[in-house]
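Enquirer: Below is protein-v9.json; it holds JSON, C-alpha atoms.
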[["chain", "number", "residue", "atom", "x", "y", "z"],
["A", 296, "MET", "CA", 15.11, 16.71, -2.02],
["A", 297, "GLN", "CA", 12.18, 18.84, -0.89],
["A", 298, "THR", "CA", 9.63, 17.00, 1.22],
["A", 299, "PRO", "CA", 6.17, 16.95, -0.46],
["A", 300, "VAL", "CA", 3.60, 18.70, 1.72],
["A", 301, "ALA", "CA", -0.17, 18.38, 1.52],
["A", 302, "LEU", "CA", -2.08, 21.62, 1.36],
["A", 303, "ARG", "CA", -4.44, 20.10, 3.92],
["A", 304, "LEU", "CA", -4.79, 16.76, 5.68],
["A", 305, "THR", "CA", -8.07, 16.23, 7.50],
["A", 306, "LYS", "CA", -9.09, 13.38, 9.77],
["A", 307, "VAL", "CA", -12.79, 12.99, 9.03],
["A", 308, "ALA", "CA", -13.65, 10.04, 11.30],
["A", 309, "GLU", "CA", -12.32, 7.58, 13.88],
["A", 310, "ALA", "CA", -13.98, 4.53, 15.43],
["A", 311, "ASP", "CA", -13.43, 1.14, 17.04],
["A", 312, "PHE", "CA", -12.99, -1.60, 14.45],
["A", 313, "PRO", "CA", -13.01, -5.24, 15.57],
["A", 314, "THR", "CA", -11.85, -7.71, 12.88],
["A", 315, "ARG", "CA", -10.97, -11.40, 12.69],
["A", 316, "PHE", "CA", -7.33, -10.29, 12.94],
["A", 317, "GLY", "CA", -7.94, -8.40, 16.17],
["A", 318, "ARG", "CA", -9.23, -5.06, 17.39],
["A", 319, "PHE", "CA", -8.18, -1.92, 15.53],
["A", 320, "ARG", "CA", -9.07, 1.75, 15.43],
["A", 321, "ILE", "CA", -10.21, 2.82, 11.96],
["A", 322, "PHE", "CA", -9.56, 6.34, 10.66],
["A", 323, "GLY", "CA", -10.71, 8.17, 7.55],
["A", 324, "PHE", "CA", -8.46, 10.86, 6.05],
["A", 325, "GLU", "CA", -8.81, 13.36, 3.23],
["A", 326, "GLY", "CA", -5.80, 15.05, 1.68],
["A", 327, "GLN", "CA", -5.97, 18.11, -0.55],
["A", 328, "PHE", "CA", -2.93, 18.45, -2.78],
["A", 329, "SER", "CA", -2.19, 20.80, -5.65],
["A", 330, "GLY", "CA", -4.87, 20.07, -8.20],
["A", 331, "ARG", "CA", -6.14, 16.84, -6.67],
["A", 332, "ALA", "CA", -7.81, 15.27, -3.67],
["A", 333, "GLU", "CA", -7.20, 11.85, -2.16],
["A", 334, "GLU", "CA", -8.77, 9.66, 0.50],
["A", 335, "ALA", "CA", -7.32, 6.91, 2.65],
["A", 336, "VAL", "CA", -8.43, 4.59, 5.41],
["A", 337, "VAL", "CA", -6.05, 3.70, 8.24],
["A", 338, "LEU", "CA", -6.18, 0.75, 10.62],
["A", 339, "ARG", "CA", -4.21, 1.25, 13.83],
["A", 340, "MET", "CA", -3.56, -1.47, 16.37],
["A", 341, "GLY", "CA", -2.10, -0.82, 19.80],
["A", 342, "GLU", "CA", -0.02, 2.09, 21.00],
["A", 343, "LEU", "CA", 2.28, 3.59, 18.40],
["A", 344, "ASP", "CA", 4.83, 4.70, 20.98],
["A", 345, "GLY", "CA", 5.24, 4.07, 24.66],
["A", 346, "PRO", "CA", 7.38, 2.64, 27.44],
["A", 347, "GLY", "CA", 9.19, -0.56, 26.54],
["A", 348, "GLN", "CA", 8.53, -0.21, 22.80],
["A", 349, "THR", "CA", 11.95, -0.07, 21.22],
["A", 350, "ALA", "CA", 11.30, -1.39, 17.70],
["A", 351, "PRO", "CA", 9.99, 1.07, 15.11],
["A", 352, "LEU", "CA", 6.34, 0.57, 14.23],
["A", 353, "LEU", "CA", 5.37, -1.98, 11.57],
["A", 354, "VAL", "CA", 3.61, -0.13, 8.71],
["A", 355, "ARG", "CA", 1.95, -1.32, 5.51],
["A", 356, "ILE", "CA", 0.90, 1.03, 2.68],
["A", 357, "HIS", "CA", -1.65, -0.92, 0.65],
["A", 358, "SER", "CA", -3.26, 0.22, -2.61],
["A", 359, "GLN", "CA", -6.94, -0.57, -3.04],
["A", 360, "CYS", "CA", -7.65, -3.65, -5.17],
["A", 361, "LEU", "CA", -11.37, -4.31, -5.44],
["A", 362, "THR", "CA", -10.87, -7.40, -7.58],
["A", 363, "GLY", "CA", -8.38, -8.98, -5.20],
["A", 364, "ASP", "CA", -9.27, -7.59, -1.77],
["A", 365, "VAL", "CA", -13.05, -8.03, -2.16],
["A", 366, "PHE", "CA", -13.62, -10.60, -4.91],
["A", 367, "HIS", "CA", -10.59, -12.84, -4.11],
["A", 368, "SER", "CA", -9.10, -12.51, -7.61],
["A", 369, "LEU", "CA", -6.24, -14.87, -8.35],
["A", 370, "ARG", "CA", -4.80, -12.60, -11.03],
["A", 371, "CYS", "CA", -2.79, -10.76, -8.37],
["A", 372, "ASP", "CA", -1.37, -11.19, -4.87],
["A", 373, "CYS", "CA", -3.05, -8.10, -3.38],
["A", 374, "ARG", "CA", -5.45, -9.83, -1.01],
["A", 375, "ALA", "CA", -2.77, -12.24, 0.15],
["A", 376, "GLN", "CA", -0.44, -9.32, 0.90],
["A", 377, "LEU", "CA", -3.22, -7.48, 2.75],
["A", 378, "GLU", "CA", -4.01, -10.47, 4.93],
["A", 379, "LEU", "CA", -0.33, -11.20, 5.59],
["A", 380, "SER", "CA", 0.17, -7.59, 6.68],
["A", 381, "LEU", "CA", -2.78, -7.72, 9.09],
["A", 382, "GLN", "CA", -1.54, -11.01, 10.49],
["A", 383, "LEU", "CA", 1.96, -9.63, 11.09],
["A", 384, "ILE", "CA", 0.61, -6.46, 12.73],
["A", 385, "ALA", "CA", -1.70, -8.54, 14.93],
["A", 386, "ALA", "CA", 1.18, -10.83, 15.91],
["A", 387, "GLU", "CA", 3.10, -7.81, 17.21],
["A", 388, "GLY", "CA", 0.02, -6.26, 18.81],
["A", 389, "ARG", "CA", 0.76, -2.87, 17.26],
["A", 390, "GLY", "CA", 1.06, -1.40, 13.80],
["A", 391, "LEU", "CA", -0.48, 0.75, 11.12],
["A", 392, "LEU", "CA", -2.07, -0.16, 7.78],
["A", 393, "ILE", "CA", -2.72, 2.69, 5.34],
["A", 394, "TYR", "CA", -5.26, 1.71, 2.65],
["A", 395, "GLU", "CA", -5.04, 4.08, -0.33],
["A", 396, "HIS", "CA", -7.67, 4.51, -3.02],
["A", 397, "GLN", "CA", -5.32, 3.95, -5.96],
["A", 398, "GLU", "CA", -7.01, 1.12, -7.84],
["A", 399, "GLY", "CA", -5.10, -0.53, -10.66],
["A", 400, "ARG", "CA", -1.77, 1.15, -9.84],
["A", 401, "GLY", "CA", -3.56, 4.47, -10.09],
["A", 402, "ILE", "CA", -5.43, 4.06, -13.40],
["A", 403, "GLY", "CA", -8.85, 3.38, -11.83],
["A", 404, "LEU", "CA", -11.15, 0.40, -11.75],
["A", 405, "LEU", "CA", -12.62, 0.49, -15.26],
["A", 406, "ASN", "CA", -9.25, 1.08, -16.89],
["A", 407, "LYS", "CA", -7.93, -1.80, -14.81],
["A", 408, "LEU", "CA", -10.61, -4.02, -16.34],
["A", 409, "ARG", "CA", -9.60, -2.77, -19.80],
["A", 410, "ALA", "CA", -6.06, -3.77, -18.89],
["A", 411, "TYR", "CA", -7.32, -7.22, -17.88],
["A", 412, "GLU", "CA", -8.82, -7.59, -21.35],
["A", 413, "LEU", "CA", -5.48, -6.78, -22.95],
["A", 414, "GLN", "CA", -3.76, -9.22, -20.61],
["A", 415, "ASP", "CA", -6.16, -11.92, -21.76],
["A", 416, "HIS", "CA", -4.69, -11.36, -25.24],
["A", 417, "GLY", "CA", -1.08, -11.72, -24.14],
["A", 418, "ALA", "CA", 0.01, -8.37, -22.67],
["A", 419, "ASP", "CA", 1.65, -8.30, -19.28],
["A", 420, "THR", "CA", 0.52, -5.75, -16.68],
["A", 421, "VAL", "CA", 3.09, -3.13, -17.74],
["A", 422, "GLU", "CA", 2.37, -3.55, -21.45],
["A", 423, "ALA", "CA", -1.39, -3.35, -20.86],
["A", 424, "ASN", "CA", -1.12, -0.04, -19.00],
["A", 425, "GLU", "CA", 1.15, 1.39, -21.69],
["A", 426, "ARG", "CA", -1.22, 0.34, -24.51],
["A", 427, "LEU", "CA", -3.97, 2.23, -22.69],
["A", 428, "GLY", "CA", -1.77, 5.34, -22.66],
["A", 429, "PHE", "CA", -0.66, 5.17, -19.02],
["A", 430, "GLU", "CA", 2.64, 4.83, -17.24],
["A", 431, "PRO", "CA", 3.23, 1.34, -15.79],
["A", 432, "ASP", "CA", 2.50, 2.73, -12.31],
["A", 433, "LEU", "CA", 0.70, 6.04, -11.72],
["A", 434, "ARG", "CA", 0.61, 5.82, -7.93],
["A", 435, "ASN", "CA", 2.13, 8.39, -5.64],
["A", 436, "TYR", "CA", 2.59, 8.15, -1.90],
["A", 437, "GLU", "CA", 2.37, 11.74, -0.68],
["A", 438, "LEU", "CA", -0.79, 11.06, 1.32],
["A", 439, "PRO", "CA", 0.70, 8.14, 3.29],
["A", 440, "GLY", "CA", 3.68, 10.34, 4.10],
["A", 441, "GLU", "CA", 1.34, 12.98, 5.51],
["A", 442, "ILE", "CA", -0.53, 10.35, 7.51],
["A", 443, "LEU", "CA", 2.67, 8.97, 9.03],
["A", 444, "ARG", "CA", 3.60, 12.50, 10.09],
["A", 445, "TYR", "CA", 0.08, 12.98, 11.52],
["A", 446, "PHE", "CA", 0.71, 10.03, 13.84],
["A", 447, "GLY", "CA", 4.07, 11.50, 14.84],
["A", 448, "LEU", "CA", 6.17, 8.66, 13.46],
["A", 449, "GLN", "CA", 9.83, 9.34, 12.82],
["A", 450, "SER", "CA", 10.96, 5.79, 12.02],
["A", 451, "VAL", "CA", 9.09, 2.75, 10.71],
["A", 452, "ARG", "CA", 9.56, -0.81, 9.58],
["A", 453, "LEU", "CA", 7.86, -0.86, 6.18],
["A", 454, "LEU", "CA", 6.07, -3.97, 4.95],
["A", 455, "SER", "CA", 6.75, -3.77, 1.23],
["A", 456, "ASN", "CA", 8.48, -5.30, -1.78],
["A", 457, "ASN", "CA", 8.31, -1.99, -3.69],
["A", 458, "PRO", "CA", 11.44, 0.21, -3.51],
["A", 459, "GLU", "CA", 9.39, 3.26, -4.56],
["A", 460, "LYS", "CA", 7.33, 3.03, -1.37],
["A", 461, "VAL", "CA", 10.52, 2.96, 0.68],
["A", 462, "ALA", "CA", 11.85, 6.00, -1.19],
["A", 463, "ALA", "CA", 8.54, 7.87, -0.84],
["A", 464, "VAL", "CA", 8.40, 7.34, 2.93],
["A", 465, "GLU", "CA", 11.95, 8.59, 3.28],
["A", 466, "ARG", "CA", 11.16, 11.61, 1.07],
["A", 467, "ALA", "CA", 8.43, 12.41, 3.59],
["A", 468, "GLY", "CA", 11.12, 12.71, 6.24],
["A", 469, "ILE", "CA", 10.47, 9.37, 7.95],
["A", 470, "ARG", "CA", 13.31, 6.90, 8.33],
["A", 471, "VAL", "CA", 12.71, 3.36, 7.07],
["A", 472, "ALA", "CA", 14.63, 1.44, 9.71],
["A", 473, "GLN", "CA", 13.84, -1.85, 7.99],
["A", 474, "ARG", "CA", 12.08, -3.04, 4.87],
["A", 475, "VAL", "CA", 10.09, -6.10, 5.87],
["A", 476, "PRO", "CA", 9.33, -8.36, 2.87],
["A", 477, "CYS", "CA", 5.63, -8.89, 2.14],
["A", 478, "VAL", "CA", 5.98, -12.01, 0.04],
["A", 479, "VAL", "CA", 3.39, -14.71, -0.54],
["A", 480, "GLU", "CA", 3.92, -18.00, -2.32],
["A", 481, "PRO", "CA", 3.27, -17.63, -6.08],
["A", 482, "SER", "CA", 0.48, -19.65, -7.63],
["A", 483, "ALA", "CA", 0.10, -20.76, -11.22],
["A", 484, "SER", "CA", -2.15, -17.75, -11.87],
["A", 485, "THR", "CA", 0.13, -15.14, -10.25],
["A", 486, "GLU", "CA", 3.62, -16.30, -11.25],
["A", 487, "ALA", "CA", 3.80, -14.29, -14.50],
["A", 488, "TYR", "CA", 2.27, -11.25, -12.78],
["A", 489, "LEU", "CA", 4.89, -11.37, -10.03],
["A", 490, "ARG", "CA", 7.71, -11.92, -12.51],
["A", 491, "THR", "CA", 6.65, -8.76, -14.35],
["A", 492, "LYS", "CA", 6.74, -6.86, -11.04],
["A", 493, "GLN", "CA", 10.25, -8.14, -10.42],
["A", 494, "GLU", "CA", 11.72, -7.76, -13.90],
["A", 495, "LYS", "CA", 10.00, -4.60, -15.17],
["A", 496, "MET", "CA", 9.11, -2.68, -12.01],
["A", 497, "GLY", "CA", 12.04, -3.52, -9.75],
["A", 498, "HIS", "CA", 10.02, -5.12, -6.97],
["A", 499, "LEU", "CA", 12.17, -7.04, -4.52],
["A", 500, "LEU", "CA", 11.05, -10.60, -5.08],
["A", 501, "ASP", "CA", 12.96, -13.88, -5.38],
["A", 502, "LEU", "CA", 11.29, -15.85, -8.13]]
Once you've parsed the file, please lay out its structure as structure tokens.
Expert:
Amino acid sequence: MQTPVALRLTKVAEADFPTRFGRFRIFGFEGQFSGRAEEAVVLRMGELDGPGQTAPLLVRIHSQCLTGDVFHSLRCDCRAQLELSLQLIAAEGRGLLIYEHQEGRGIGLLNKLRAYELQDHGADTVEANERLGFEPDLRNYELPGEILRYFGLQSVRLLSNNPEKVAAVERAGIRVAQRVPCVVEPSASTEAYLRTKQEKMGHLLDL
């Protein structure tokens, strides 16, 4: 399969970024693809390669979730996955988190809120997207693939439950040496959401 290639990937900024999880470098990237533009933020901790580092780098590709990541929504597990990823990267002292602007599985924030309204009336997350005229998941992962190549990575351990992310990274020409589960304990408010991910979207969960 042909590797997708960005027409242009630009690093627009880089700075120190201390957090409660530890000290990172933060990067801003813009990618220009055929007919569209994307942005992403990257957090990098430690040296990506170097003497004595034998294990492939731990990498998380995380899609923006304003409701979960910022407002602590309990309708999804996004914030919990984000925090778990940062904790695991910090525990190793090195890793990369790519934060993509693909709100609501790619349908955008306001459409995501429309989907919430449909879910309040009984639709699951897949059904709600379809009733709004969208595919269950509109995300693509070409930009993360370009970013991984920018950092010169040839092999990674990918923090993900989503087989499509694994496939997308490998399509970009980067070997996924290990898929590391990014699983958080379900709550009463997320159990049905996670079951839909597992049963209708093929996410690798054990519910």
Enquirer: Return the single residue from A:Arg370, A:Arg444, A:Arg434, A:Arg389 that is closest to A:Leu489, with distances computed using all atoms listed in the file.
Expert: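 Once distances to A:Leu489 are computed over all atoms listed in the file, the minimum belongs to A:Arg370.
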Enquirer: Which polymer residues, whether protein, DNA or RNA, lie within 6 Å of the coordinate (-7.1, 1.5, -5.3) when you count all atoms listed in the file? List them as a count of residues only, using the chain letters and numbers from the file.
Expert: 7
Enquirer: I'd like the neighbourhood of stretch 468-478 of chain A as a tab-separated table (two decimals) with C-alpha atoms, in the coordinates of the input, where a residue qualifies if any of its atoms comes within 8 Å (using all atoms listed in the file), though same-chain residues fewer than 6 positions away should be ignored.
Expert:
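Saved to part_7.tsv:
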chain	number	residue	atom	x	y	z
A	298	THR	CA	9.63	17.00	1.22
A	351	PRO	CA	9.99	1.07	15.11
A	376	GLN	CA	-0.44	-9.32	0.90
A	379	LEU	CA	-0.33	-11.20	5.59
A	380	SER	CA	0.17	-7.59	6.68
A	440	GLY	CA	3.68	10.34	4.10
A	443	LEU	CA	2.67	8.97	9.03
A	444	ARG	CA	3.60	12.50	10.09
A	448	LEU	CA	6.17	8.66	13.46
A	449	GLN	CA	9.83	9.34	12.82
A	450	SER	CA	10.96	5.79	12.02
A	451	VAL	CA	9.09	2.75	10.71
A	452	ARG	CA	9.56	-0.81	9.58
A	453	LEU	CA	7.86	-0.86	6.18
A	454	LEU	CA	6.07	-3.97	4.95
A	455	SER	CA	6.75	-3.77	1.23
A	456	ASN	CA	8.48	-5.30	-1.78
A	461	VAL	CA	10.52	2.96	0.68
A	500	LEU	CA	11.05	-10.60	-5.08
Enquirer: With distances taken over all atoms listed in the file, which residue among A:Arg355, A:Cys373, A:Ala462, A:Val421 lies nearest A:Lys495?
Expert: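 The shortest atom-to-atom distance to A:Lys495 comes from A:Val421.
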Enquirer: Counting only C-alpha atoms, write as an MDAnalysis selection string all protein and nucleic acid residues lying at most 10 Å from (-7.8, -2.2, -19.9) in the file's frame.
Expert: chainID A and resid 399 402:414 420 423:427
Enquirer: Counting all atoms listed in the file, which residue out of A:Ala385, A:Cys371, A:Gly330, A:Thr362 sits closest to A:Arg315?
Expert: A:Ala385
Enquirer: Of the candidates A:His357, A:His498, A:Arg490, A:Arg339, which shows the shortest atom-to-atom distance to A:Pro313, using all atoms listed in the file?
Expert: A:Arg339
Enquirer: From the options A:Phe324, A:Ala308, A:Ala487, A:Ala332, which residue's atoms come nearest to A:Tyr445, counting all atoms listed in the file?
Expert: A:Phe324
Enquirer: Looking at only C-alpha atoms, which of A:Glu334, A:Glu494, A:Glu422, A:Asp344 is the one that sits closest to A:Glu437?
Expert: A:Glu334
Enquirer: Atom CA of A:Ala467 and atom CA of A:Arg331, how far apart in Å?
Expert: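 It comes out at 18.4 Å.
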Enquirer: I'd like the interatomic distance between atom CA of A:Tyr488 and atom CA of A:Ala386, to a tenth of an Å.
Expert: 28.7 Å
Enquirer: Give me, please, the distance in Å between atom CA of A:Gly326 and atom CA of A:Glu441, quoted to one decimal.
Expert: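 Computing the Euclidean distance for atom CA of A:Gly326 and atom CA of A:Glu441 yields 8.4 Å.
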Enquirer: Box for stretch 359-363 of chain A: with edges along x, y and z, all listed atoms inside and 5 Å added on each side, what are the centre and edge lengths in Å to one decimal, as lines of an AutoDock Vina configuration file?
Expert:
center_x = -9.2
center_y = -4.8
center_z = -5.3
size_x = 14.4
size_y = 18.4
size_z = 14.5
